[in-house]
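Novice: Just one file: coords-v2.txt, with compact mmCIF, C-alpha atoms (C1' of nucleotides).
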```txt
# COMPACT_ATOMS: atom_id res chain seq x y z
CA MET A 234 -16.31 -41.33 106.05
CA THR A 235 -18.11 -38.76 104.00
CA LYS A 236 -17.51 -36.37 106.81
CA ASP A 237 -13.85 -37.34 107.03
CA HIS A 238 -13.56 -36.59 103.42
CA ASP A 239 -15.14 -33.21 103.74
CA LEU A 240 -12.84 -32.30 106.58
CA LYS A 241 -9.78 -33.31 104.65
CA GLY A 242 -10.93 -31.73 101.44
CA HIS A 243 -11.70 -28.60 103.36
CA ALA A 244 -8.25 -28.64 104.93
CA TRP A 245 -6.76 -28.83 101.45
CA ALA A 246 -8.84 -25.93 100.21
CA VAL A 247 -7.87 -23.81 103.19
CA LEU A 248 -4.24 -24.74 102.68
CA LEU A 249 -4.39 -23.42 99.12
CA THR A 250 -6.06 -20.21 100.16
CA ALA A 251 -3.69 -19.67 103.06
CA HIS A 252 -0.69 -20.18 100.86
CA ALA A 253 -1.92 -17.81 98.19
CA THR A 254 -2.94 -15.13 100.67
CA LEU A 255 0.07 -15.20 102.91
CA VAL A 256 2.67 -15.53 100.19
CA GLU A 257 1.13 -12.62 98.34
CA ARG A 258 1.34 -10.52 101.49
CA ILE A 259 4.93 -11.46 102.10
CA GLU A 260 5.97 -10.77 98.51
CA THR A 261 4.35 -7.37 98.72
CA ALA A 262 6.14 -6.58 101.96
CA LEU A 263 9.48 -7.63 100.51
CA ALA A 264 8.93 -5.64 97.32
CA GLU A 265 7.92 -2.56 99.29
CA ALA A 266 11.12 -2.82 101.26
CA GLY A 267 13.11 -3.02 98.06
CA LEU A 268 14.11 -6.60 98.82
CA PRO A 269 14.21 -9.53 96.39
CA PRO A 270 11.38 -12.07 96.19
CA LEU A 271 10.92 -15.14 98.33
CA GLY A 272 12.47 -17.44 95.75
CA TRP A 273 15.79 -15.69 96.15
CA TYR A 274 15.64 -16.17 99.89
CA ASP A 275 14.99 -19.87 99.48
CA VAL A 276 18.02 -20.31 97.27
CA LEU A 277 20.29 -18.31 99.54
CA TRP A 278 19.07 -20.10 102.64
CA GLU A 279 19.47 -23.56 101.17
CA LEU A 280 22.98 -22.71 100.06
CA GLU A 281 23.85 -21.20 103.41
CA LYS A 282 22.64 -24.29 105.24
CA ALA A 283 24.52 -26.64 102.94
CA GLU A 284 28.04 -27.92 103.60
CA GLY A 285 30.50 -25.28 102.45
CA GLY A 286 27.67 -23.06 101.22
CA ARG A 287 27.54 -25.04 98.02
CA LEU A 288 25.12 -27.35 96.27
CA ARG A 289 24.78 -28.93 92.86
CA MET A 290 22.16 -27.37 90.61
CA HIS A 291 19.90 -30.40 90.59
CA GLU A 292 20.13 -30.82 94.35
CA LEU A 293 19.29 -27.17 94.90
CA ALA A 294 16.39 -27.43 92.50
CA ARG A 295 15.10 -30.47 94.36
CA ARG A 296 15.32 -28.79 97.74
CA ILE A 297 13.48 -25.65 96.75
CA VAL A 298 11.00 -27.60 94.61
CA LEU A 299 11.75 -25.90 91.32
CA SER A 300 12.14 -27.27 87.82
CA ARG A 301 15.65 -27.50 86.43
CA SER A 302 15.07 -24.98 83.70
CA ASN A 303 13.57 -22.57 86.16
CA LEU A 304 16.51 -22.91 88.47
CA THR A 305 18.84 -22.19 85.59
CA ARG A 306 17.25 -18.80 85.12
CA LEU A 307 16.87 -18.08 88.81
CA ALA A 308 20.55 -18.89 89.29
CA ASP A 309 21.36 -16.55 86.41
CA ARG A 310 19.61 -13.72 88.20
CA LEU A 311 21.23 -14.45 91.54
CA GLU A 312 24.59 -14.64 89.84
CA ASP A 313 24.02 -11.35 88.04
CA ALA A 314 23.29 -9.88 91.45
CA LYS A 315 26.57 -11.34 92.74
CA LEU A 316 24.75 -13.29 95.44
CA MET A 317 26.01 -16.65 94.25
CA GLU A 318 28.40 -18.13 91.74
CA ARG A 319 28.58 -21.21 89.61
CA GLU A 320 31.75 -23.24 89.92
CA ASP A 321 32.70 -26.26 87.88
CA THR A 322 32.27 -29.42 89.88
CA PRO A 323 35.49 -31.44 90.26
CA HIS A 324 34.24 -34.89 89.40
CA ASP A 325 31.45 -34.25 86.92
CA ARG A 326 32.17 -32.01 84.01
CA ARG A 327 28.49 -31.70 83.15
CA GLY A 328 27.51 -29.94 86.34
CA TYR A 329 28.12 -26.97 88.58
CA ASP A 330 28.21 -26.16 92.22
CA CYS A 331 26.20 -23.15 93.22
CA VAL A 332 28.21 -21.30 95.83
CA ILE A 333 26.82 -18.52 97.97
CA THR A 334 28.96 -15.36 98.08
CA ARG A 335 29.66 -13.02 100.97
CA ALA A 336 27.14 -10.66 99.45
CA GLY A 337 24.69 -13.54 99.28
CA LEU A 338 25.13 -14.31 102.96
CA ALA A 339 24.69 -10.64 103.76
CA MET A 340 21.58 -10.41 101.63
CA ARG A 341 19.99 -13.40 103.32
CA LYS A 342 20.66 -11.85 106.70
CA LYS A 343 19.20 -8.59 105.47
CA ILE A 344 16.01 -10.20 104.23
CA TRP A 345 15.43 -12.42 107.23
CA PRO A 346 14.22 -9.86 109.80
CA LEU A 347 11.42 -8.68 107.55
CA TYR A 348 10.54 -12.17 106.39
CA LYS A 349 10.54 -13.37 109.98
CA ALA A 350 8.33 -10.49 111.05
CA GLU A 351 5.87 -11.27 108.29
CA ILE A 352 5.75 -14.96 109.18
CA GLU A 353 5.15 -13.95 112.75
CA SER A 354 2.34 -11.51 112.10
CA LEU A 355 0.64 -13.44 109.31
CA PHE A 356 1.10 -16.98 110.52
CA SER A 357 2.72 -17.76 113.86
CA ARG A 358 0.68 -15.17 115.71
CA HIS A 359 -2.53 -16.96 114.83
CA ILE A 360 -1.69 -20.55 115.61
CA THR A 361 -0.81 -22.44 118.77
CA VAL A 362 2.33 -24.43 119.32
CA GLN A 363 0.30 -27.61 119.22
CA GLU A 364 -1.19 -26.64 115.90
CA ALA A 365 2.22 -25.80 114.54
CA ARG A 366 3.46 -29.23 115.55
CA THR A 367 0.49 -30.90 113.94
CA ILE A 368 0.80 -28.90 110.72
CA GLY A 369 4.50 -29.59 110.48
CA ASP A 370 4.13 -33.31 111.14
CA ALA A 371 1.13 -33.92 108.94
CA LEU A 372 2.38 -31.98 105.95
CA ALA A 373 5.87 -33.38 106.23
CA ARG A 374 4.36 -36.84 106.00
CA ALA A 375 2.53 -35.90 102.82
CA VAL A 376 5.62 -34.34 101.31
CA LYS A 377 7.70 -37.36 102.17
CA ALA A 378 5.20 -39.69 100.56
CA ALA A 379 4.99 -37.52 97.46
CA GLY A 380 8.76 -37.36 97.22
CA GLY A 381 9.12 -41.12 97.24
CA GLU A 382 6.50 -42.09 94.72
CA GLY A 383 3.00 -41.11 93.58
CA MET B 618 9.64 -19.35 123.36
CA THR B 619 12.60 -19.94 121.14
CA LYS B 620 11.34 -23.45 120.68
CA ASP B 621 7.83 -22.21 119.96
CA HIS B 622 9.26 -20.03 117.30
CA ASP B 623 11.17 -22.83 115.69
CA LEU B 624 8.11 -25.03 115.62
CA LYS B 625 6.03 -22.36 114.00
CA GLY B 626 8.71 -21.33 111.58
CA HIS B 627 9.20 -24.96 110.72
CA ALA B 628 5.47 -25.38 110.15
CA TRP B 629 5.59 -22.45 107.74
CA ALA B 630 8.53 -23.90 105.85
CA VAL B 631 6.83 -27.27 105.56
CA LEU B 632 3.64 -25.59 104.41
CA LEU B 633 5.53 -23.91 101.57
CA THR B 634 7.20 -27.15 100.55
CA ALA B 635 3.99 -29.14 100.75
CA HIS B 636 2.14 -26.62 98.65
CA ALA B 637 4.83 -26.54 95.98
CA THR B 638 5.21 -30.30 95.86
CA LEU B 639 1.57 -31.28 95.89
CA VAL B 640 0.36 -28.59 93.52
CA GLU B 641 3.06 -29.52 91.05
CA ARG B 642 1.97 -33.13 91.20
CA ILE B 643 -1.65 -32.25 90.70
CA GLU B 644 -0.94 -29.93 87.77
CA THR B 645 1.07 -32.67 86.13
CA ALA B 646 -1.72 -35.17 86.59
CA LEU B 647 -4.28 -32.77 85.14
CA ALA B 648 -2.08 -31.92 82.18
CA GLU B 649 -1.41 -35.59 81.48
CA ALA B 650 -5.13 -36.21 81.41
CA GLY B 651 -5.58 -33.37 78.95
CA LEU B 652 -7.48 -31.33 81.52
CA PRO B 653 -7.12 -27.61 82.25
CA PRO B 654 -5.01 -26.32 85.14
CA LEU B 655 -6.08 -25.91 88.74
CA GLY B 656 -6.82 -22.21 88.31
CA TRP B 657 -9.59 -23.02 85.89
CA TYR B 658 -11.13 -25.41 88.36
CA ASP B 659 -11.10 -22.78 91.07
CA VAL B 660 -12.95 -20.30 88.89
CA LEU B 661 -15.53 -22.82 87.76
CA TRP B 662 -16.11 -24.09 91.27
CA GLU B 663 -16.51 -20.64 92.78
CA LEU B 664 -18.98 -19.72 90.09
CA GLU B 665 -20.88 -22.97 90.51
CA LYS B 666 -21.16 -22.44 94.25
CA ALA B 667 -22.30 -18.85 93.86
CA GLU B 668 -25.93 -17.77 93.66
CA GLY B 669 -27.13 -18.23 90.11
CA GLY B 670 -23.69 -19.39 89.00
CA ARG B 671 -22.60 -15.80 88.71
CA LEU B 672 -20.16 -13.48 90.43
CA ARG B 673 -18.74 -10.04 89.81
CA MET B 674 -15.17 -9.99 88.55
CA HIS B 675 -13.73 -8.39 91.66
CA GLU B 676 -15.61 -10.76 93.93
CA LEU B 677 -14.41 -13.76 91.99
CA ALA B 678 -10.87 -12.44 92.06
CA ARG B 679 -11.06 -11.99 95.81
CA ARG B 680 -12.37 -15.49 96.37
CA ILE B 681 -9.73 -17.24 94.34
CA VAL B 682 -7.01 -14.90 95.61
CA LEU B 683 -5.95 -13.53 92.26
CA SER B 684 -5.09 -10.03 91.14
CA ARG B 685 -7.67 -8.19 89.05
CA SER B 686 -5.52 -8.03 85.97
CA ASN B 687 -4.77 -11.69 86.23
CA LEU B 688 -8.41 -12.55 86.51
CA THR B 689 -9.14 -10.50 83.42
CA ARG B 690 -6.86 -12.73 81.40
CA LEU B 691 -7.93 -15.94 83.09
CA ALA B 692 -11.55 -15.04 82.39
CA ASP B 693 -10.62 -14.36 78.76
CA ARG B 694 -9.26 -17.89 78.48
CA LEU B 695 -12.26 -19.48 80.15
CA GLU B 696 -14.55 -17.46 77.95
CA ASP B 697 -12.65 -18.48 74.82
CA ALA B 698 -13.16 -22.04 75.96
CA LYS B 699 -16.90 -21.36 76.35
CA LEU B 700 -16.79 -22.34 80.01
CA MET B 701 -18.06 -18.99 81.24
CA GLU B 702 -19.40 -15.73 79.90
CA ARG B 703 -19.25 -12.10 80.87
CA GLU B 704 -22.59 -10.32 81.16
CA ASP B 705 -23.17 -6.66 81.82
CA THR B 706 -24.23 -6.08 85.38
CA PRO B 707 -27.59 -4.34 85.75
CA HIS B 708 -26.74 -1.72 88.32
CA ASP B 709 -23.12 -0.90 87.60
CA ARG B 710 -22.13 -0.14 84.06
CA ARG B 711 -18.45 -0.50 84.90
CA GLY B 712 -18.60 -4.12 85.79
CA TYR B 713 -19.50 -7.58 84.63
CA ASP B 714 -20.98 -10.74 86.04
CA CYS B 715 -19.04 -13.86 85.26
CA VAL B 716 -21.56 -16.58 84.54
CA ILE B 717 -20.70 -20.24 84.32
CA THR B 718 -22.04 -22.02 81.22
CA ARG B 719 -23.42 -25.52 80.85
CA ALA B 720 -20.10 -26.51 79.34
CA GLY B 721 -18.42 -24.95 82.35
CA LEU B 722 -20.49 -26.99 84.75
CA ALA B 723 -19.73 -30.09 82.74
CA MET B 724 -16.04 -29.33 82.71
CA ARG B 725 -15.90 -28.87 86.44
CA LYS B 726 -17.61 -32.20 86.92
CA LYS B 727 -15.19 -33.77 84.51
CA ILE B 728 -12.15 -32.44 86.32
CA TRP B 729 -13.34 -33.24 89.81
CA PRO B 730 -12.83 -37.02 89.91
CA LEU B 731 -9.18 -36.73 88.99
CA TYR B 732 -8.57 -33.75 91.21
CA LYS B 733 -10.32 -35.53 94.06
CA ALA B 734 -8.26 -38.66 93.53
CA GLU B 735 -5.06 -36.63 93.59
CA ILE B 736 -6.03 -34.82 96.77
CA GLU B 737 -6.83 -38.19 98.29
CA SER B 738 -3.59 -39.89 97.35
CA LEU B 739 -1.29 -36.94 97.92
CA PHE B 740 -2.88 -35.35 100.94
CA SER B 741 -5.88 -36.92 102.66
CA ARG B 742 -4.35 -40.35 102.68
CA HIS B 743 -1.49 -39.17 104.84
CA ILE B 744 -3.27 -37.18 107.51
CA THR B 745 -5.74 -38.02 110.23
CA VAL B 746 -9.15 -36.46 110.64
CA GLN B 747 -7.93 -34.69 113.72
CA GLU B 748 -5.02 -33.24 111.83
CA ALA B 749 -7.29 -32.13 109.03
CA ARG B 750 -9.47 -30.33 111.52
CA THR B 751 -6.49 -28.64 113.08
CA ILE B 752 -5.03 -27.60 109.75
CA GLY B 753 -8.34 -26.23 108.56
CA ASP B 754 -9.01 -24.31 111.74
CA ALA B 755 -5.56 -22.90 112.23
CA LEU B 756 -5.01 -21.80 108.66
CA ALA B 757 -8.51 -20.40 108.35
CA ARG B 758 -7.74 -18.21 111.35
CA ALA B 759 -4.59 -16.92 109.68
CA VAL B 760 -6.39 -16.27 106.42
CA LYS B 761 -9.19 -14.46 108.18
CA ALA B 762 -6.75 -12.25 110.02
CA ALA B 763 -4.83 -11.50 106.83
CA GLY B 764 -8.04 -10.72 104.99
CA GLY B 765 -9.08 -8.18 107.59
CA GLU B 766 -5.89 -6.21 107.96
CA GLY B 767 -2.12 -6.66 108.16
C1' DA C 164 37.23 -47.91 71.94
C1' DT C 165 32.54 -47.61 70.76
C1' DC C 166 27.67 -47.86 71.16
C1' DG C 167 23.55 -46.84 73.63
C1' DC C 168 21.26 -44.93 77.22
C1' DG C 169 20.69 -41.93 81.20
C1' DT C 170 21.63 -37.50 83.53
C1' DA C 171 23.20 -32.30 84.07
C1' DG C 172 22.09 -28.13 82.75
C1' DT C 173 20.78 -24.76 79.15
C1' DT C 174 17.93 -22.59 75.61
C1' DG C 175 13.96 -21.20 72.38
C1' DC C 176 9.50 -20.25 72.22
C1' DA C 177 4.87 -19.73 73.80
C1' DA C 178 2.05 -18.78 77.68
C1' DA C 179 1.27 -16.73 82.16
C1' DT C 180 2.29 -13.18 85.66
C1' DG C 181 2.87 -8.54 87.95
C1' DC C 182 2.74 -3.76 87.80
C1' DA C 183 1.64 0.64 86.49
C1' DA C 184 -1.19 3.40 83.52
C1' DC C 185 -5.64 4.04 81.46
C1' DG C 186 -10.79 4.79 80.20
C1' DA C 187 -15.13 4.53 82.08
C1' DT C 188 -18.34 4.91 85.62
C1' DA C 189 -19.88 5.61 90.46
C1' DT C 190 -19.96 8.39 94.77
C1' DG C 191 -19.46 12.04 98.03
C1' DC C 192 -19.02 16.98 98.81
C1' DT C 193 -20.10 21.66 98.08
C1' DA D 556 -25.18 20.69 88.96
C1' DG D 557 -19.91 20.36 89.14
C1' DC D 558 -15.74 18.61 90.74
C1' DA D 559 -12.67 15.61 93.17
C1' DT D 560 -11.87 11.00 94.37
C1' DA D 561 -12.39 6.10 94.41
C1' DT D 562 -13.65 1.71 92.10
C1' DC D 563 -14.26 -1.60 88.03
C1' DG D 564 -12.02 -3.86 84.77
C1' DT D 565 -8.70 -3.79 80.88
C1' DT D 566 -4.27 -3.14 78.55
C1' DG D 567 0.88 -2.55 77.52
C1' DC D 568 5.11 -3.96 78.71
C1' DA D 569 8.70 -6.31 81.04
C1' DT D 570 9.63 -10.36 83.70
C1' DT D 571 8.90 -15.12 84.84
C1' DT D 572 7.25 -19.69 83.94
C1' DG D 573 6.75 -24.24 81.54
C1' DC D 574 7.69 -27.51 78.06
C1' DA D 575 10.24 -29.64 74.71
C1' DA D 576 14.42 -29.83 72.28
C1' DC D 577 19.32 -29.78 72.58
C1' DT D 578 24.45 -30.19 73.96
C1' DA D 579 27.67 -32.22 76.78
C1' DC D 580 29.15 -35.59 79.65
C1' DG D 581 28.98 -40.10 82.47
C1' DC D 582 28.37 -45.08 82.65
C1' DG D 583 27.78 -49.83 81.59
C1' DA D 584 28.02 -53.41 78.11
C1' DT D 585 30.31 -55.20 74.21
```
Output the file's structure in the form of structure tokens.

Specialist:
Amino acid sequence: MTKDHDLKGHAWAVLLTAHATLVERIETALAEAGLPPLGWYDVLWELEKAEGGRLRMHELARRIVLSRSNLTRLADRLEDAKLMEREDTPHDRRGYDCVITRAGLAMRKKIWPLYKAEIESLFSRHITVQEARTIGDALARAVKAAGGEG
Amino acid sequence: MTKDHDLKGHAWAVLLTAHATLVERIETALAEAGLPPLGWYDVLWELEKAEGGRLRMHELARRIVLSRSNLTRLADRLEDAKLMEREDTPHDRRGYDCVITRAGLAMRKKIWPLYKAEIESLFSRHITVQEARTIGDALARAVKAAGGEG
DNA sequence: ATCGCGTAGTTGCAAATGCAACGATATGCT
DNA sequence: AGCATATCGTTGCATTTGCAACTACGCGAT
């Protein structure tokens, strides 16, 4: 039990370190290539995956795990860069749809090869398929539980 | 091969989401309890674990995966809060030792129960011991590889 | 219709971050 | 010794973040 705890606590600590280390590396690689940061990719990718390339602000914020106010500013930047647009939503005059533009689609496709290569060399390369399955399953369970309640 | 890739890419995506979600939850819990953020805990814990409760700035920065300039400011805050001190290093007049204070030790001990409880309810609770072992091993391998080179 | 409450998104302000430039010291080479 | 180069840590400045307040709208009850 004590040992279980140590193993799990250790896994958490390693998770934090891995995230910090790998994300830093990836951000550096993107910056060096003159590409926008990871956060931009997340937005573009979520929009691209969504029906009609559009998503409400709050839904987008939820999917990329970002506070509303932060998404407001991030969306401002993406919009300034012509990678997405805000459109009034038909049935709710309070809100907007974020819609990815052609340039946004192109940018996501432009970023992906480098991002993919970085994931490969920093992450995928070092883990087995079994491990990947385990990591995906276990963490997804934790995320799901956290999403529902506390 | 394609499937392997998807599994690994998916694991990466879930890792990012899990990190964002769980860290946000933990920060909120700490803030609600009037406790300092996670970054402070990391510093205090690294110092406490280190020989003599002291570590050079650059070494501390490396261990908590933080840029030098960021550590400078973080250390300023911790020092203002009397949780650590900077001391001149004997054999290198450029650098400092960060030394944890009694108040720093006390603060780390004060934070730990809540942090531990959050890790338990958000993370440990949802994964098996086997999974924890796998996560720890696999991610540690990636971190080690990233630490060495690119 | 109006009141009250909840939600969508934005904004101001203070704090934190990242990056490049800097002063100071150490180190290696000649 | 003298000079070039690299490292330690800090600082200035611009960008990003986080939190709390705020506007605007939706929704249910009266």

Novice: Pull out every residue of chain D that has at least one atom within 8 Å of chain A, counting all atoms listed in the file, and report them as a list of chain:residue names.

Specialist: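 Every residue of chain D that passes the 8 Å test is in D:DT572, D:DA579, D:DC580, D:DG581.
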
Novice: The coordinates of chain B, once least-squares superposed on chain A over all sequentially paired C-alpha atoms, should be supplied as a short mmCIF file (atom, residue, chain, number, x, y, z; two decimals) with C-alpha atoms, in the frame of the given file.

Specialist:
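And here's result-v1.cif as it stands now:
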```
data_model
loop_
_atom_site.label_atom_id
_atom_site.label_comp_id
_atom_site.auth_asym_id
_atom_site.auth_seq_id
_atom_site.Cartn_x
_atom_site.Cartn_y
_atom_site.Cartn_z
CA MET B 618 -16.29 -41.36 106.13
CA THR B 619 -18.10 -38.80 104.08
CA LYS B 620 -17.48 -36.37 106.88
CA ASP B 621 -13.82 -37.36 107.07
CA HIS B 622 -13.54 -36.62 103.43
CA ASP B 623 -15.11 -33.23 103.74
CA LEU B 624 -12.80 -32.30 106.57
CA LYS B 625 -9.75 -33.32 104.64
CA GLY B 626 -10.90 -31.75 101.43
CA HIS B 627 -11.69 -28.61 103.35
CA ALA B 628 -8.23 -28.64 104.91
CA TRP B 629 -6.75 -28.84 101.43
CA ALA B 630 -8.84 -25.94 100.18
CA VAL B 631 -7.88 -23.82 103.16
CA LEU B 632 -4.24 -24.73 102.66
CA LEU B 633 -4.39 -23.44 99.09
CA THR B 634 -6.07 -20.22 100.15
CA ALA B 635 -3.70 -19.66 103.04
CA HIS B 636 -0.69 -20.19 100.85
CA ALA B 637 -1.93 -17.80 98.18
CA THR B 638 -2.96 -15.13 100.66
CA LEU B 639 0.06 -15.20 102.91
CA VAL B 640 2.66 -15.53 100.18
CA GLU B 641 1.12 -12.61 98.34
CA ARG B 642 1.32 -10.52 101.48
CA ILE B 643 4.91 -11.44 102.10
CA GLU B 644 5.96 -10.75 98.51
CA THR B 645 4.33 -7.35 98.72
CA ALA B 646 6.12 -6.55 101.95
CA LEU B 647 9.47 -7.61 100.51
CA ALA B 648 8.93 -5.62 97.33
CA GLU B 649 7.91 -2.54 99.30
CA ALA B 650 11.12 -2.79 101.27
CA GLY B 651 13.11 -3.01 98.06
CA LEU B 652 14.11 -6.58 98.82
CA PRO B 653 14.21 -9.52 96.40
CA PRO B 654 11.38 -12.05 96.18
CA LEU B 655 10.90 -15.12 98.33
CA GLY B 656 12.46 -17.42 95.74
CA TRP B 657 15.77 -15.68 96.15
CA TYR B 658 15.63 -16.16 99.89
CA ASP B 659 14.98 -19.86 99.48
CA VAL B 660 18.02 -20.30 97.28
CA LEU B 661 20.29 -18.31 99.55
CA TRP B 662 19.08 -20.10 102.65
CA GLU B 663 19.48 -23.56 101.17
CA LEU B 664 22.97 -22.72 100.07
CA GLU B 665 23.84 -21.22 103.43
CA LYS B 666 22.62 -24.32 105.24
CA ALA B 667 24.50 -26.65 102.93
CA GLU B 668 28.01 -27.93 103.57
CA GLY B 669 30.48 -25.30 102.44
CA GLY B 670 27.67 -23.06 101.21
CA ARG B 671 27.53 -25.04 98.01
CA LEU B 672 25.10 -27.35 96.27
CA ARG B 673 24.78 -28.93 92.85
CA MET B 674 22.16 -27.36 90.62
CA HIS B 675 19.89 -30.39 90.58
CA GLU B 676 20.14 -30.81 94.33
CA LEU B 677 19.30 -27.18 94.91
CA ALA B 678 16.39 -27.42 92.50
CA ARG B 679 15.07 -30.46 94.33
CA ARG B 680 15.31 -28.78 97.71
CA ILE B 681 13.48 -25.64 96.73
CA VAL B 682 11.00 -27.59 94.61
CA LEU B 683 11.74 -25.89 91.32
CA SER B 684 12.13 -27.25 87.83
CA ARG B 685 15.66 -27.47 86.44
CA SER B 686 15.08 -24.95 83.71
CA ASN B 687 13.59 -22.55 86.17
CA LEU B 688 16.52 -22.88 88.48
CA THR B 689 18.87 -22.17 85.60
CA ARG B 690 17.26 -18.79 85.13
CA LEU B 691 16.87 -18.07 88.82
CA ALA B 692 20.55 -18.86 89.31
CA ASP B 693 21.38 -16.53 86.42
CA ARG B 694 19.60 -13.71 88.23
CA LEU B 695 21.25 -14.43 91.56
CA GLU B 696 24.60 -14.64 89.86
CA ASP B 697 24.03 -11.34 88.06
CA ALA B 698 23.30 -9.88 91.46
CA LYS B 699 26.59 -11.34 92.77
CA LEU B 700 24.76 -13.30 95.45
CA MET B 701 26.02 -16.66 94.26
CA GLU B 702 28.41 -18.13 91.74
CA ARG B 703 28.59 -21.22 89.61
CA GLU B 704 31.77 -23.26 89.90
CA ASP B 705 32.73 -26.29 87.88
CA THR B 706 32.28 -29.45 89.87
CA PRO B 707 35.45 -31.52 90.25
CA HIS B 708 34.13 -34.95 89.43
CA ASP B 709 31.39 -34.28 86.91
CA ARG B 710 32.15 -32.05 83.99
CA ARG B 711 28.46 -31.70 83.16
CA GLY B 712 27.51 -29.96 86.32
CA TYR B 713 28.11 -26.99 88.54
CA ASP B 714 28.21 -26.18 92.22
CA CYS B 715 26.21 -23.16 93.21
CA VAL B 716 28.21 -21.32 95.83
CA ILE B 717 26.82 -18.55 97.97
CA THR B 718 28.96 -15.39 98.10
CA ARG B 719 29.65 -13.06 101.00
CA ALA B 720 27.15 -10.67 99.47
CA GLY B 721 24.70 -13.55 99.31
CA LEU B 722 25.13 -14.32 102.97
CA ALA B 723 24.69 -10.66 103.77
CA MET B 724 21.58 -10.43 101.65
CA ARG B 725 19.98 -13.39 103.32
CA LYS B 726 20.64 -11.85 106.70
CA LYS B 727 19.20 -8.60 105.48
CA ILE B 728 16.01 -10.20 104.24
CA TRP B 729 15.44 -12.41 107.25
CA PRO B 730 14.20 -9.86 109.80
CA LEU B 731 11.41 -8.68 107.55
CA TYR B 732 10.53 -12.15 106.38
CA LYS B 733 10.53 -13.35 109.97
CA ALA B 734 8.31 -10.48 111.06
CA GLU B 735 5.85 -11.26 108.28
CA ILE B 736 5.73 -14.94 109.15
CA GLU B 737 5.14 -13.94 112.75
CA SER B 738 2.33 -11.51 112.08
CA LEU B 739 0.63 -13.44 109.31
CA PHE B 740 1.08 -16.98 110.51
CA SER B 741 2.71 -17.75 113.85
CA ARG B 742 0.67 -15.18 115.68
CA HIS B 743 -2.54 -16.97 114.82
CA ILE B 744 -1.69 -20.56 115.62
CA THR B 745 -0.81 -22.44 118.77
CA VAL B 746 2.34 -24.43 119.31
CA GLN B 747 0.31 -27.59 119.23
CA GLU B 748 -1.19 -26.64 115.92
CA ALA B 749 2.22 -25.80 114.53
CA ARG B 750 3.46 -29.22 115.53
CA THR B 751 0.49 -30.89 113.92
CA ILE B 752 0.80 -28.90 110.72
CA GLY B 753 4.51 -29.60 110.47
CA ASP B 754 4.14 -33.30 111.13
CA ALA B 755 1.16 -33.93 108.93
CA LEU B 756 2.38 -31.99 105.94
CA ALA B 757 5.89 -33.37 106.24
CA ARG B 758 4.38 -36.84 106.00
CA ALA B 759 2.54 -35.89 102.82
CA VAL B 760 5.63 -34.33 101.31
CA LYS B 761 7.73 -37.35 102.16
CA ALA B 762 5.23 -39.67 100.56
CA ALA B 763 5.02 -37.51 97.45
CA GLY B 764 8.79 -37.32 97.22
CA GLY B 765 9.12 -41.09 97.28
CA GLU B 766 6.52 -42.05 94.72
CA GLY B 767 3.01 -41.17 93.56
#
```

Novice: Separation of CA of Ser741 in chain B and CA of Leu624 in chain B, in Å?

Specialist: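 Computing the Euclidean distance for CA of Ser741 in chain B and CA of Leu624 in chain B yields 22.5 Å.
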
Novice: Around the point (-0.8, 0.2, 87.0) (coordinates from the file), which residues reach within 12 Å if we count all atoms listed in the file? Answer as a ChimeraX atom specification.

Specialist: /B:684-686 /C:181-185 /D:565-568

Novice: Enter the distance from CA of Arg341 in chain A to CA of Leu268 in chain A, in Å, rounded to one decimal.

Specialist: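 Atom-to-atom, CA of Arg341 in chain A and CA of Leu268 in chain A are spaced 10.1 Å apart.
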
Novice: As an exercise, work out the distance from CA of Met340 in chain A to CA of Leu316 in chain A in Å and give it to one decimal place.

Specialist: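 Pair CA of Met340 in chain A / CA of Leu316 in chain A returns 7.5 Å.
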
Novice: Write out N, CA and C atoms for range 259-267 of chain A, as an mmCIF file, in the coordinates of the input.

Specialist:
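Okay, this is what ended up in selection-v7.cif:
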```
data_model
loop_
_atom_site.group_PDB
_atom_site.id
_atom_site.type_symbol
_atom_site.label_atom_id
_atom_site.label_comp_id
_atom_site.auth_asym_id
_atom_site.auth_seq_id
_atom_site.Cartn_x
_atom_site.Cartn_y
_atom_site.Cartn_z
ATOM 1 N N ILE A 259 3.489 -11.503 101.825
ATOM 2 C CA ILE A 259 4.930 -11.460 102.100
ATOM 3 C C ILE A 259 5.679 -10.886 100.900
ATOM 4 N N GLU A 260 5.304 -11.297 99.710
ATOM 5 C CA GLU A 260 5.970 -10.770 98.510
ATOM 6 C C GLU A 260 5.787 -9.258 98.430
ATOM 7 N N THR A 261 4.606 -8.813 98.740
ATOM 8 C CA THR A 261 4.350 -7.370 98.720
ATOM 9 C C THR A 261 5.245 -6.645 99.721
ATOM 10 N N ALA A 262 5.313 -7.199 100.917
ATOM 11 C CA ALA A 262 6.140 -6.580 101.960
ATOM 12 C C ALA A 262 7.607 -6.515 101.523
ATOM 13 N N LEU A 263 8.083 -7.597 100.959
ATOM 14 C CA LEU A 263 9.480 -7.630 100.510
ATOM 15 C C LEU A 263 9.701 -6.598 99.406
ATOM 16 N N ALA A 264 8.791 -6.576 98.434
ATOM 17 C CA ALA A 264 8.930 -5.640 97.320
ATOM 18 C C ALA A 264 8.919 -4.199 97.829
ATOM 19 N N GLU A 265 8.020 -3.924 98.756
ATOM 20 C CA GLU A 265 7.920 -2.560 99.290
ATOM 21 C C GLU A 265 9.202 -2.145 99.998
ATOM 22 N N ALA A 266 9.877 -3.122 100.563
ATOM 23 C CA ALA A 266 11.120 -2.820 101.260
ATOM 24 C C ALA A 266 12.317 -2.824 100.312
ATOM 25 N N GLY A 267 12.028 -3.006 99.032
ATOM 26 C CA GLY A 267 13.110 -3.020 98.060
ATOM 27 C C GLY A 267 13.954 -4.290 98.121
#
```
